[in-house]
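Novice: Okay, so here is final06.cif, and as you'll see once you scroll down, it has mmCIF, C-alpha atoms and all ligand atoms.
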data_data
#
loop_
_atom_site.label_atom_id
_atom_site.label_comp_id
_atom_site.auth_asym_id
_atom_site.auth_seq_id
_atom_site.Cartn_x
_atom_site.Cartn_y
_atom_site.Cartn_z
CA MET A 1 -23.55 -3.56 -5.66
CA LYS A 2 -20.84 -3.68 -8.29
CA GLN A 3 -17.51 -2.04 -7.65
CA ASP A 4 -17.92 1.07 -9.85
CA THR A 5 -21.24 1.82 -8.14
CA ILE A 6 -19.65 1.51 -4.71
CA ILE A 7 -16.85 3.87 -5.81
CA ALA A 8 -19.41 6.50 -6.83
CA HIS A 9 -21.53 6.32 -3.67
CA ALA A 10 -19.59 4.90 -0.72
CA GLY A 11 -19.45 7.14 2.36
CA LEU A 12 -21.85 9.75 0.94
CA ASP A 13 -24.93 11.03 2.80
CA PRO A 14 -25.97 14.32 1.10
CA LEU A 15 -29.23 14.73 2.99
CA ALA A 16 -27.30 14.85 6.26
CA ASN A 17 -25.75 18.09 4.98
CA HIS A 18 -28.31 20.27 3.20
CA GLY A 19 -28.20 18.03 0.11
CA VAL A 20 -24.56 18.89 -0.65
CA VAL A 21 -23.08 15.90 -2.48
CA ASN A 22 -19.66 15.75 -0.82
CA PRO A 23 -19.15 15.79 2.95
CA PRO A 24 -17.81 19.16 4.12
CA VAL A 25 -14.34 19.76 5.52
CA TYR A 26 -14.46 20.48 9.25
CA HIS A 27 -11.52 22.49 10.50
CA CYS A 28 -11.53 21.88 14.22
CA SER A 29 -9.73 21.20 17.43
CA THR A 30 -12.49 21.88 19.97
CA ILE A 31 -15.89 20.25 19.70
CA VAL A 32 -18.44 21.78 22.05
CA PHE A 33 -21.11 19.74 23.83
CA PRO A 34 -24.73 20.71 24.55
CA ASP A 35 -24.69 19.35 28.12
CA VAL A 36 -22.79 17.28 30.68
CA ALA A 37 -24.66 14.10 29.76
CA THR A 38 -23.17 14.34 26.25
CA VAL A 39 -19.69 14.95 27.71
CA HIS A 40 -20.07 11.67 29.62
CA ALA A 41 -21.38 9.80 26.58
CA THR A 42 -18.40 10.84 24.44
CA ARG A 43 -15.94 10.09 27.27
CA LYS A 44 -17.29 6.54 27.55
CA ASP A 45 -17.10 6.18 23.77
CA ARG A 46 -13.45 7.29 23.74
CA HIS A 47 -12.57 4.94 26.58
CA ASP A 48 -13.97 1.91 24.84
CA GLY A 49 -12.04 3.14 21.83
CA THR A 50 -14.83 3.25 19.30
CA PHE A 51 -14.82 7.03 18.76
CA LYS A 52 -18.32 6.97 17.25
CA TYR A 53 -19.07 10.47 18.52
CA VAL A 54 -17.21 13.52 17.33
CA SER A 55 -15.54 14.76 20.49
CA TYR A 56 -12.11 16.13 19.70
CA GLY A 57 -10.28 17.18 16.53
CA ARG A 58 -7.56 14.55 16.86
CA GLU A 59 -10.07 11.72 16.53
CA GLY A 60 -11.43 13.02 13.25
CA THR A 61 -14.77 14.36 12.10
CA PRO A 62 -17.72 13.10 10.02
CA LEU A 63 -15.50 13.64 6.97
CA THR A 64 -12.92 11.21 8.35
CA ARG A 65 -15.66 8.64 9.03
CA ALA A 66 -16.95 9.10 5.45
CA PHE A 67 -13.48 8.42 4.03
CA GLU A 68 -13.09 5.35 6.25
CA GLN A 69 -16.49 3.97 5.24
CA ALA A 70 -15.69 4.50 1.57
CA VAL A 71 -12.30 2.76 1.67
CA ALA A 72 -13.65 -0.10 3.78
CA ALA A 73 -16.54 -0.60 1.33
CA LEU A 74 -14.13 -0.73 -1.63
CA GLU A 75 -12.16 -3.51 0.00
CA GLY A 76 -15.26 -5.45 1.04
CA ALA A 77 -14.73 -4.64 4.74
CA LYS A 78 -16.74 -2.75 7.35
CA THR A 79 -14.15 -0.61 9.12
CA ALA A 80 -11.00 1.40 8.43
CA VAL A 81 -8.80 3.82 10.37
CA THR A 82 -7.39 7.02 8.83
CA LEU A 83 -3.71 7.80 9.48
CA PRO A 84 -1.58 10.79 8.46
CA CYS A 85 0.48 8.77 5.93
CA GLY A 86 1.22 5.21 4.82
CA MET A 87 4.12 4.87 7.26
CA GLY A 88 1.81 6.03 10.04
CA ALA A 89 -0.63 3.27 9.03
CA ILE A 90 2.20 0.71 9.11
CA ALA A 91 3.47 1.90 12.50
CA ALA A 92 0.01 2.08 14.15
CA SER A 93 -1.00 -1.34 12.77
CA LEU A 94 2.16 -3.02 14.09
CA LEU A 95 2.21 -1.21 17.45
CA ALA A 96 -1.44 -2.13 18.02
CA PHE A 97 -0.58 -5.83 18.27
CA LEU A 98 3.07 -6.00 19.44
CA LYS A 99 4.59 -5.54 22.89
CA ALA A 100 8.05 -6.14 24.38
CA GLY A 101 8.98 -9.83 24.18
CA ASP A 102 6.75 -10.54 21.16
CA HIS A 103 8.05 -11.99 17.89
CA LEU A 104 7.19 -10.44 14.51
CA LEU A 105 7.63 -12.22 11.18
CA MET A 106 8.22 -9.72 8.39
CA LEU A 107 8.78 -10.48 4.70
CA ASP A 108 12.36 -9.92 3.60
CA ALA A 109 11.45 -7.87 0.51
CA VAL A 110 9.38 -5.36 2.47
CA TYR A 111 9.04 -1.63 1.67
CA GLY A 112 12.37 -0.11 2.81
CA PRO A 113 11.05 2.38 5.42
CA ALA A 114 8.91 -0.42 6.96
CA ARG A 115 12.09 -2.54 7.28
CA ASP A 116 13.79 0.40 8.98
CA PHE A 117 10.82 0.80 11.34
CA ALA A 118 11.06 -2.89 12.30
CA GLU A 119 14.85 -2.96 12.62
CA ASN A 120 15.29 0.34 14.44
CA GLY A 121 11.88 1.18 15.88
CA LEU A 122 10.42 -2.17 16.97
CA ARG A 123 13.70 -3.85 18.02
CA ASN A 124 14.44 -0.87 20.30
CA LEU A 125 11.13 -1.56 22.03
CA GLY A 126 12.19 -5.14 22.77
CA ILE A 127 10.24 -6.77 19.95
CA GLU A 128 11.96 -9.66 18.15
CA VAL A 129 11.90 -9.16 14.39
CA GLU A 130 12.58 -12.07 12.03
CA PHE A 131 12.64 -11.62 8.25
CA TYR A 132 11.29 -14.48 6.11
CA ASP A 133 11.41 -15.50 2.44
CA PRO A 134 8.31 -13.97 0.80
CA LEU A 135 7.88 -17.18 -1.24
CA VAL A 136 7.59 -19.30 1.94
CA GLY A 137 3.86 -20.04 1.42
CA GLU A 138 2.39 -22.42 3.98
CA GLY A 139 5.97 -23.11 5.14
CA ILE A 140 5.44 -20.02 7.32
CA GLY A 141 3.95 -22.48 9.83
CA ARG A 142 7.46 -23.72 10.68
CA LEU A 143 8.58 -20.17 11.57
CA PHE A 144 5.94 -19.48 14.19
CA ARG A 145 7.11 -19.44 17.80
CA LYS A 146 5.19 -19.36 21.08
CA ASN A 147 5.65 -15.58 21.20
CA THR A 148 4.82 -14.82 17.55
CA ALA A 149 2.17 -12.10 17.67
CA ALA A 150 2.01 -10.92 14.06
CA VAL A 151 3.07 -11.76 10.52
CA TYR A 152 3.57 -8.90 8.07
CA LEU A 153 3.11 -9.26 4.31
CA GLU A 154 3.39 -7.13 1.19
CA SER A 155 2.38 -8.49 -2.21
CA PRO A 156 3.69 -7.99 -4.77
CA CYS A 157 6.91 -7.34 -2.84
CA SER A 158 8.55 -3.91 -2.90
CA LEU A 159 11.01 -3.41 -5.80
CA THR A 160 11.13 -7.11 -6.81
CA PHE A 161 7.40 -7.84 -7.28
CA GLU A 162 7.26 -11.47 -6.10
CA VAL A 163 3.64 -12.52 -5.48
CA MET A 164 3.02 -14.00 -2.05
CA ASP A 165 0.60 -16.82 -1.26
CA VAL A 166 -1.45 -14.65 1.10
CA PRO A 167 -4.30 -17.14 1.75
CA ALA A 168 -1.82 -19.92 2.66
CA ILE A 169 0.09 -17.70 5.08
CA ALA A 170 -3.09 -16.23 6.57
CA ALA A 171 -4.55 -19.71 7.14
CA GLN A 172 -1.46 -20.80 9.09
CA ALA A 173 -1.46 -17.59 11.13
CA ARG A 174 -5.15 -17.67 11.98
CA ARG A 175 -4.89 -21.23 13.27
CA ARG A 176 -2.40 -19.94 15.87
CA GLY A 177 -4.10 -16.65 16.67
CA VAL A 178 -1.30 -14.68 15.00
CA LYS A 179 -2.42 -11.33 13.51
CA VAL A 180 -1.98 -10.92 9.74
CA ILE A 181 -0.97 -7.41 8.67
CA MET A 182 -0.45 -6.60 5.01
CA ASP A 183 0.73 -3.61 2.97
CA ASN A 184 -1.77 -3.63 0.09
CA THR A 185 -0.76 -0.31 -1.50
CA TRP A 186 0.29 -1.71 -4.91
CA SER A 187 -3.20 -3.09 -5.62
CA SER A 188 -5.27 -0.30 -4.08
CA PRO A 189 -8.47 -1.63 -2.47
CA LEU A 190 -9.72 -2.60 -5.96
CA PHE A 191 -7.27 -5.23 -7.15
CA PHE A 192 -6.68 -7.26 -3.99
CA LYS A 193 -9.40 -7.90 -1.41
CA ALA A 194 -7.04 -8.51 1.50
CA ILE A 195 -9.68 -8.98 4.20
CA GLU A 196 -11.43 -11.68 2.13
CA HIS A 197 -8.10 -13.49 1.85
CA GLY A 198 -7.66 -13.74 5.62
CA VAL A 199 -5.78 -10.52 6.36
CA ASP A 200 -6.66 -8.73 9.63
CA VAL A 201 -5.27 -5.29 8.78
CA SER A 202 -4.83 -4.16 5.16
CA ILE A 203 -2.67 -1.06 4.90
CA HIS A 204 -2.77 1.53 2.11
CA ALA A 205 -0.54 4.50 1.56
CA ALA A 206 -3.50 6.67 0.45
CA THR A 207 -0.73 9.03 -0.64
CA LYS A 208 -0.55 6.80 -3.76
CA TYR A 209 -3.52 5.49 -5.81
CA LEU A 210 -6.38 6.28 -3.43
CA SER A 211 -5.76 10.02 -3.68
CA GLY A 212 -4.12 9.72 -7.10
CA HIS A 213 -2.85 13.25 -7.67
CA SER A 214 0.59 13.43 -5.98
CA ASP A 215 -0.55 16.29 -3.76
CA LEU A 216 -1.02 14.89 -0.26
CA MET A 217 0.15 12.43 2.40
CA LEU A 218 -2.41 10.04 3.92
CA GLY A 219 -2.69 6.46 5.15
CA VAL A 220 -5.52 4.09 5.91
CA ALA A 221 -5.71 0.72 7.66
CA VAL A 222 -8.69 -1.41 6.59
CA THR A 223 -9.56 -3.70 9.49
CA THR A 224 -11.59 -6.71 10.51
CA PRO A 225 -14.17 -5.75 13.16
CA GLU A 226 -11.96 -7.17 15.99
CA CYS A 227 -8.91 -5.21 14.87
CA ASP A 228 -10.57 -1.85 14.37
CA VAL A 229 -10.53 -0.70 18.01
CA PRO A 230 -6.89 -1.71 18.73
CA VAL A 231 -5.62 0.14 15.63
CA ARG A 232 -7.87 3.18 16.27
CA LYS A 233 -6.79 3.43 19.93
CA THR A 234 -3.13 3.09 19.00
CA ALA A 235 -3.45 5.83 16.39
CA SER A 236 -5.06 8.15 18.94
CA ARG A 237 -2.53 7.33 21.69
CA PHE A 238 0.43 8.01 19.47
CA GLY A 239 -1.17 11.19 18.15
CA TYR A 240 -1.52 10.11 14.52
CA CYS A 241 -3.92 12.71 13.16
CA ALA A 242 -4.64 13.33 9.47
CA GLY A 243 -5.28 16.86 8.21
CA PRO A 244 -8.90 17.49 7.14
CA ASP A 245 -8.02 18.98 3.74
CA ASP A 246 -5.96 15.91 2.86
CA VAL A 247 -8.81 13.61 3.84
CA TYR A 248 -11.15 15.65 1.65
CA SER A 249 -8.82 15.52 -1.37
CA ALA A 250 -8.30 11.78 -0.94
CA LEU A 251 -12.04 11.15 -0.85
CA ARG A 252 -12.38 13.27 -4.01
CA GLY A 253 -9.58 11.29 -5.71
CA LEU A 254 -11.17 8.01 -4.69
CA ARG A 255 -14.23 8.69 -6.90
CA THR A 256 -12.11 8.15 -10.03
CA LEU A 257 -10.10 5.21 -8.67
CA GLY A 258 -11.90 2.70 -10.91
CA VAL A 259 -11.23 4.44 -14.22
CA ARG A 260 -7.68 5.40 -13.21
CA MET A 261 -6.74 1.86 -12.16
CA ARG A 262 -8.12 0.36 -15.36
CA GLN A 263 -6.03 2.81 -17.39
CA HIS A 264 -2.88 2.30 -15.28
CA GLN A 265 -3.26 -1.45 -15.81
CA GLN A 266 -3.80 -1.23 -19.56
CA SER A 267 -0.91 1.19 -20.06
CA ALA A 268 1.49 -0.66 -17.74
CA LEU A 269 0.83 -3.92 -19.56
CA LYS A 270 1.58 -2.24 -22.91
CA VAL A 271 4.79 -0.69 -21.59
CA ALA A 272 5.80 -3.98 -19.93
CA ARG A 273 5.36 -5.94 -23.19
CA TRP A 274 7.28 -3.26 -25.08
CA LEU A 275 10.13 -3.45 -22.55
CA GLN A 276 10.22 -7.27 -22.77
CA ALA A 277 11.01 -6.95 -26.47
CA ARG A 278 13.97 -4.64 -25.89
CA PRO A 279 17.44 -6.25 -26.18
CA GLU A 280 18.78 -4.42 -23.08
CA VAL A 281 16.13 -5.91 -20.78
CA GLU A 282 16.71 -9.17 -18.91
CA ARG A 283 13.34 -9.28 -17.15
CA VAL A 284 10.29 -7.14 -16.54
CA LEU A 285 9.00 -7.65 -13.00
CA TYR A 286 5.22 -7.44 -13.37
CA PRO A 287 2.89 -10.24 -12.26
CA ALA A 288 0.28 -9.56 -14.98
CA LEU A 289 2.77 -10.89 -17.57
CA PRO A 290 2.16 -14.61 -18.24
CA GLU A 291 5.96 -15.19 -18.09
CA ASP A 292 6.20 -13.76 -14.56
CA PRO A 293 6.93 -16.42 -11.87
CA GLY A 294 4.13 -14.94 -9.73
CA HIS A 295 1.55 -14.92 -12.53
CA ALA A 296 -0.40 -18.02 -11.46
CA ILE A 297 -0.99 -16.81 -7.90
CA TRP A 298 -1.67 -13.27 -9.13
CA LYS A 299 -4.31 -14.64 -11.51
CA ARG A 300 -5.85 -16.74 -8.77
CA ASP A 301 -6.07 -13.99 -6.12
CA PHE A 302 -5.96 -10.53 -7.73
CA HIS A 303 -8.52 -8.61 -9.79
CA GLY A 304 -5.95 -6.57 -11.68
CA ALA A 305 -2.46 -5.08 -11.81
CA SER A 306 -1.51 -1.50 -11.12
CA GLY A 307 0.95 0.79 -12.92
CA LEU A 308 4.08 -0.04 -10.90
CA LEU A 309 6.67 -2.45 -12.30
CA GLY A 310 10.35 -3.30 -12.17
CA VAL A 311 12.91 -3.68 -14.94
CA VAL A 312 16.14 -5.70 -14.64
CA PHE A 313 18.80 -4.97 -17.25
CA LYS A 314 21.13 -7.56 -18.77
CA LYS A 315 24.32 -8.21 -16.78
CA GLN A 316 26.56 -6.23 -19.15
CA TYR A 317 24.85 -2.96 -18.18
CA SER A 318 26.34 -1.36 -15.07
CA LYS A 319 24.52 0.68 -12.44
CA GLU A 320 26.25 3.74 -13.97
CA ALA A 321 24.77 2.90 -17.38
CA ALA A 322 21.34 2.55 -15.77
CA ALA A 323 21.84 5.95 -14.11
CA ARG A 324 22.71 7.42 -17.53
CA MET A 325 19.51 5.95 -18.93
CA LEU A 326 17.39 7.38 -16.07
CA ASP A 327 19.03 10.80 -16.40
CA SER A 328 18.06 10.83 -20.09
CA LEU A 329 14.33 10.41 -19.49
CA HIS A 330 12.17 13.46 -20.25
CA LEU A 331 8.59 12.37 -19.55
CA PHE A 332 9.35 9.98 -16.70
CA HIS A 333 10.49 12.14 -13.78
CA LEU A 334 12.75 10.73 -11.08
CA GLY A 335 10.73 10.37 -7.91
CA TYR A 336 9.38 7.98 -5.28
CA SER A 337 5.74 8.53 -4.51
CA TRP A 338 3.99 6.70 -7.33
CA GLY A 339 0.22 6.29 -7.71
CA GLY A 340 -0.42 9.73 -9.15
CA PHE A 341 -1.40 10.52 -12.74
CA GLU A 342 2.21 10.94 -13.87
CA SER A 343 4.94 8.51 -14.88
CA LEU A 344 7.97 8.12 -12.61
CA ALA A 345 11.26 6.23 -12.51
CA VAL A 346 13.87 5.46 -9.83
CA PRO A 347 16.98 3.29 -9.66
CA THR A 348 16.52 0.33 -7.27
CA PHE A 349 19.00 -1.62 -5.14
CA PRO A 350 17.01 -4.60 -3.85
CA GLU A 351 20.19 -6.51 -2.89
CA THR A 352 20.87 -3.94 -0.13
CA LEU A 353 17.43 -4.34 1.45
CA ARG A 354 17.46 -8.07 2.26
CA SER A 355 18.88 -10.25 5.02
CA ALA A 356 17.08 -13.63 4.81
CA THR A 357 17.21 -14.07 1.02
CA GLU A 358 19.48 -12.99 -1.83
CA TRP A 359 18.80 -10.93 -4.95
CA ARG A 360 21.53 -11.47 -7.53
CA HIS A 361 20.57 -9.72 -10.73
CA GLY A 362 21.80 -6.91 -12.93
CA ALA A 363 21.10 -3.21 -12.48
CA SER A 364 17.42 -2.50 -11.94
CA ILE A 365 14.92 0.34 -12.02
CA ARG A 366 11.31 0.85 -11.00
CA LEU A 367 8.77 2.54 -13.25
CA HIS A 368 5.37 3.96 -12.48
CA VAL A 369 3.30 4.04 -15.66
CA GLY A 370 1.04 7.07 -15.41
CA LEU A 371 -1.92 8.21 -17.47
CA GLU A 372 0.03 9.72 -20.39
CA ASP A 373 -0.25 8.24 -23.90
CA THR A 374 1.79 5.02 -23.99
CA GLU A 375 3.32 5.87 -27.38
CA ASP A 376 4.89 8.96 -25.84
CA LEU A 377 6.06 6.91 -22.87
CA THR A 378 7.71 4.19 -24.96
CA ALA A 379 9.32 6.83 -27.20
CA ASP A 380 10.85 8.39 -24.08
CA LEU A 381 12.05 4.98 -22.87
CA ALA A 382 13.45 4.15 -26.33
CA GLN A 383 15.68 7.23 -26.50
CA ALA A 384 16.83 6.66 -22.89
CA LEU A 385 17.63 2.98 -23.56
CA ASP A 386 19.85 4.12 -26.45
CA LYS A 387 21.88 6.05 -23.84
CA LEU A 388 22.11 2.86 -21.74
CA ARG A 389 23.98 1.20 -24.60
CA ALA A 390 26.09 4.26 -25.44
C1 LIG B 401 4.77 4.95 -0.23
C2 LIG B 401 4.57 3.64 0.43
C3 LIG B 401 4.33 3.55 1.80
C4 LIG B 401 4.40 4.74 2.70
O1 LIG B 401 3.42 5.68 2.47
P1 LIG B 401 3.64 7.22 2.85
O2 LIG B 401 2.30 7.80 2.71
O3 LIG B 401 4.66 7.74 1.89
O4 LIG B 401 4.15 7.25 4.27
C5 LIG B 401 4.08 2.31 2.33
N1 LIG B 401 4.09 1.20 1.57
C6 LIG B 401 4.32 1.24 0.27
C7 LIG B 401 4.31 -0.02 -0.52
C8 LIG B 401 4.57 2.45 -0.35
O5 LIG B 401 4.85 2.49 -1.66
#
When written as C-alpha cells, how does the structure in this file appear?
Specialist:
Amino acid sequence: MKQDTIIAHAGLDPLANHGVVNPPVYHCSTIVFPDVATVHATRKDRHDGTFKYVSYGREGTPLTRAFEQAVAALEGAKTAVTLPCGMGAIAASLLAFLKAGDHLLMLDAVYGPARDFAENGLRNLGIEVEFYDPLVGEGIGRLFRKNTAAVYLESPCSLTFEVMDVPAIAAQARRRGVKVIMDNTWSSPLFFKAIEHGVDVSIHAATKYLSGHSDLMLGVAVTTPECDVPVRKTASRFGYCAGPDDVYSALRGLRTLGVRMRQHQQSALKVARWLQARPEVERVLYPALPEDPGHAIWKRDFHGASGLLGVVFKKQYSKEAAARMLDSLHLFHLGYSWGGFESLAVPTFPETLRSATEWRHGASIRLHVGLEDTEDLTADLAQALDKLRA
C-alpha cells in the first residue's frame, strides 16, 4: 500500500471493538484474569519479554499496541515500543544494549539532552562514551573497538543540520555486530526510512510531528525484530510507562501526518529561500536547499524535509543582536518543542555542545516553520530582521 493509505488505516481494527473506528482508551492498572491458566500464560509472555497479552497497566493496552503497529508500519518496520517521551525512548534504546565496560560511539552534534544523558548518565554506569564527527561516513570503521556495543546517530544533526551517511555507517557497524541506534525525529517516520537504511532502533520524539499538536509528551522506538524484545524489556524494567490519553492523542495526530508534513516541507522551503535572499543571513541550514552541503546525501536517502531549519547570521551581528531580533517576533513564539502546527524560534549555541569537532560561525537561531500562511511568517521575520540591524 502507498504511504497515505497506510497512514489512514495502520493499527485500526474497528470490528474488534463494536465497529468503533478508533481504538478506545483503556484506563487501567489491574487487568483481571479468567483463570489460573491465563495467569501462567501471561507470566510466561512477560518473562520472554514479548508482552503480547495485556496483563498489567505498565506494559500498555491494546491501544498502545495499535499505536506501535501504526508507527512501525509508517516506517516500513514490524515492531515499535512506546515510551513516555523522546528522552525515554533514547534512554531505553541505549540502556537495552549497553553495560558497564562497553564503548558507545555518539555523534558530536547530538541533541543536547541526549549528550547529557551519555556524559552524565551512561559514563556514571561505567560505559565509555566517545563522540565522533557526524561527517565521518565509512571512516567510522576506524573508531570501532573490541568493546564497541553501539553507534548512535542523528540526521540531520541537532541545531547544525549536517546530513549523515547513515547507510555507510550502518554497513560498517553491522559487519562488526555493533547496534545502530538513530534519533529520527526530524524526518518523522515518513521522510527517512531508518530501518531500511540499516538502523536497528529508530527513535522518535512523538511529542513532535507524530502527535503534531504541542499538547503531549510521548516517545517511540521503531525496532528490527531482534531489537524489539531488548528495548521493550528495558522500558518495562525501568518503569517507562506512557499515559493512555497521550497515546490516544498521538494516534489521532498521526492520521494527518502526511498532509501536515507535506505542508511543513513546502512552507519551510519557501521561508528558507526567502531567508537566503536576506542580506543579514550568512547561511540557511536546511538540507532540502540545493546549496546545502548535505543536499546530495539528503536527496539520495530521504523522501522529504520537515519544517525545522537553522539560520546563521553574518559575522557582524552579535548574539545580543540576534536576541533583539528573536524578541521582536510576534508570530514565531520562543520555545523548544517543535513539530506542532505553530511556528517557533530559539537562539542556538552549537559551539557549546561539541567536543570532537568545532563550530565556528556567527550567531545562530533555529526556526520551526508551522502551518501558518508563509506570507505572514516572512512578514514577521522581515520586521524582526530590521531590529537585528538596528
Ligand atoms: C525533542 C527531542 C527529543 C526529546 O523528546 P521529548 O519527548 O521532549 O523527551 C529527542 N530528540 C530530538 C531530536 C528532539 O527534538
Novice: Using all atoms listed in the file, which of A:Pro287, A:Pro244, A:Pro113, A:Pro34 sits nearest Gly86 of chain A?
Specialist: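 Closest candidate: A:Pro113.
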Novice: Considering all atoms listed in the file, give me a table of residues in chain A that are at most 8 Å from ligand LIG 401 (chain B), with the closest atom pair and distance in Å for each, as a Markdown table.
Specialist:
| residue | atom | partner | partner_atom | distance |
| --- | --- | --- | --- | --- |
| A:Pro84 | CA | B:LIG401 | O2 | 7.6 |
| A:Cys85 | CA | B:LIG401 | O2 | 3.8 |
| A:Gly86 | CA | B:LIG401 | O1 | 3.3 |
| A:Met87 | CA | B:LIG401 | O4 | 3.8 |
| A:Gly88 | CA | B:LIG401 | O4 | 6.3 |
| A:Ala89 | CA | B:LIG401 | O4 | 7.8 |
| A:Ile90 | CA | B:LIG401 | C5 | 7.2 |
| A:Val110 | CA | B:LIG401 | C7 | 7.9 |
| A:Tyr111 | CA | B:LIG401 | C7 | 5.5 |
| A:Pro113 | CA | B:LIG401 | C4 | 7.6 |
| A:Ala114 | CA | B:LIG401 | C5 | 7.2 |
| A:Glu154 | CA | B:LIG401 | C7 | 7.4 |
| A:Ser158 | CA | B:LIG401 | C7 | 6.2 |
| A:Asp183 | CA | B:LIG401 | N1 | 6.0 |
| A:Asn184 | CA | B:LIG401 | C7 | 7.1 |
| A:Thr185 | CA | B:LIG401 | C7 | 5.2 |
| A:Trp186 | CA | B:LIG401 | C7 | 6.2 |
| A:Ile203 | CA | B:LIG401 | N1 | 7.9 |
| A:His204 | CA | B:LIG401 | N1 | 6.9 |
| A:Ala205 | CA | B:LIG401 | O1 | 4.2 |
| A:Ala206 | CA | B:LIG401 | O2 | 6.3 |
| A:Thr207 | CA | B:LIG401 | O2 | 4.7 |
| A:Lys208 | CA | B:LIG401 | C1 | 6.6 |
| A:Met217 | CA | B:LIG401 | O2 | 5.1 |
| A:Leu218 | CA | B:LIG401 | O2 | 5.4 |
| A:Gly219 | CA | B:LIG401 | O2 | 5.7 |
| A:Tyr336 | CA | B:LIG401 | C1 | 7.5 |
| A:Ser337 | CA | B:LIG401 | C1 | 5.7 |
| A:Trp338 | CA | B:LIG401 | O5 | 7.1 |
Novice: Counting all atoms listed in the file, figure out which residue out of A:Ile6, A:Leu95, A:Ala37, A:Val25 gets nearest to Arg237 of chain A.
Specialist: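 When distances to Arg237 of chain A are compared using all atoms listed in the file, the smallest one comes from A:Leu95.
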Novice: One decimal, Å: what's the distance from atom CA of Gln172 of chain A over to atom CA of Asp301 of chain A, could you say?
Specialist: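 Between atom CA of Gln172 of chain A and atom CA of Asp301 of chain A the gap works out to 17.3 Å.
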Novice: Go ahead and compute the interatomic distance for atom CA of Leu104 of chain A and atom CA of Asp200 of chain A, in Å to one decimal.
Specialist: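 Atom-to-atom, atom CA of Leu104 of chain A to atom CA of Asp200 of chain A, that is 14.8 Å.
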Novice: List the spatial neighbours of His27 of chain A as a list in words - criterion: any atom at most 10 Å away, all atoms listed in the file, same-chain residues fewer than 6 positions off excluded.
Specialist: Gly57, Gly60, Thr61, Gly243, Pro244 and Asp245 of chain A
Novice: Select, from A:Val259, A:Ala100, A:Ile7, A:Leu251, the residue with the minimum atom-to-atom distance to Gly76 of chain A, counting all atoms listed in the file.
Specialist: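 Looking only at the distances to Gly76 of chain A, the closest residue turns out to be A:Ile7.
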Novice: Closest to Leu329 of chain A among A:Asp386, A:Asp228, A:Glu162, A:Glu128, using only C-alpha atoms?
Specialist: A:Asp386
Novice: Please measure the separation of atom CA of Lys52 of chain A and atom CA of Thr5 of chain A, giving the value in Å to one decimal.
Specialist: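 It comes out at 26.1 Å.
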Novice: Can you tell me which residues surround His330 of chain A at a distance of at most 9 Å, considering all atoms listed in the file, apart from same-chain residues fewer than 6 positions away, and format the answer as a PDB file with C-alpha atoms, in the coordinates of the input?
Specialist:
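Saved to around.pdb:
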ATOM      1  CA  ASP A 380      10.850   8.390 -24.080  1.00  0.00           C
ATOM      2  CA  LEU A 381      12.050   4.980 -22.870  1.00  0.00           C
ATOM      3  CA  ALA A 384      16.830   6.660 -22.890  1.00  0.00           C
TER       4      ALA A 384
END
Novice: For Val129 of chain A, which of A:Ala150, A:Leu105, A:Val36, A:Cys157 is the closest residue, counting only C-alpha atoms?
Specialist: A:Leu105
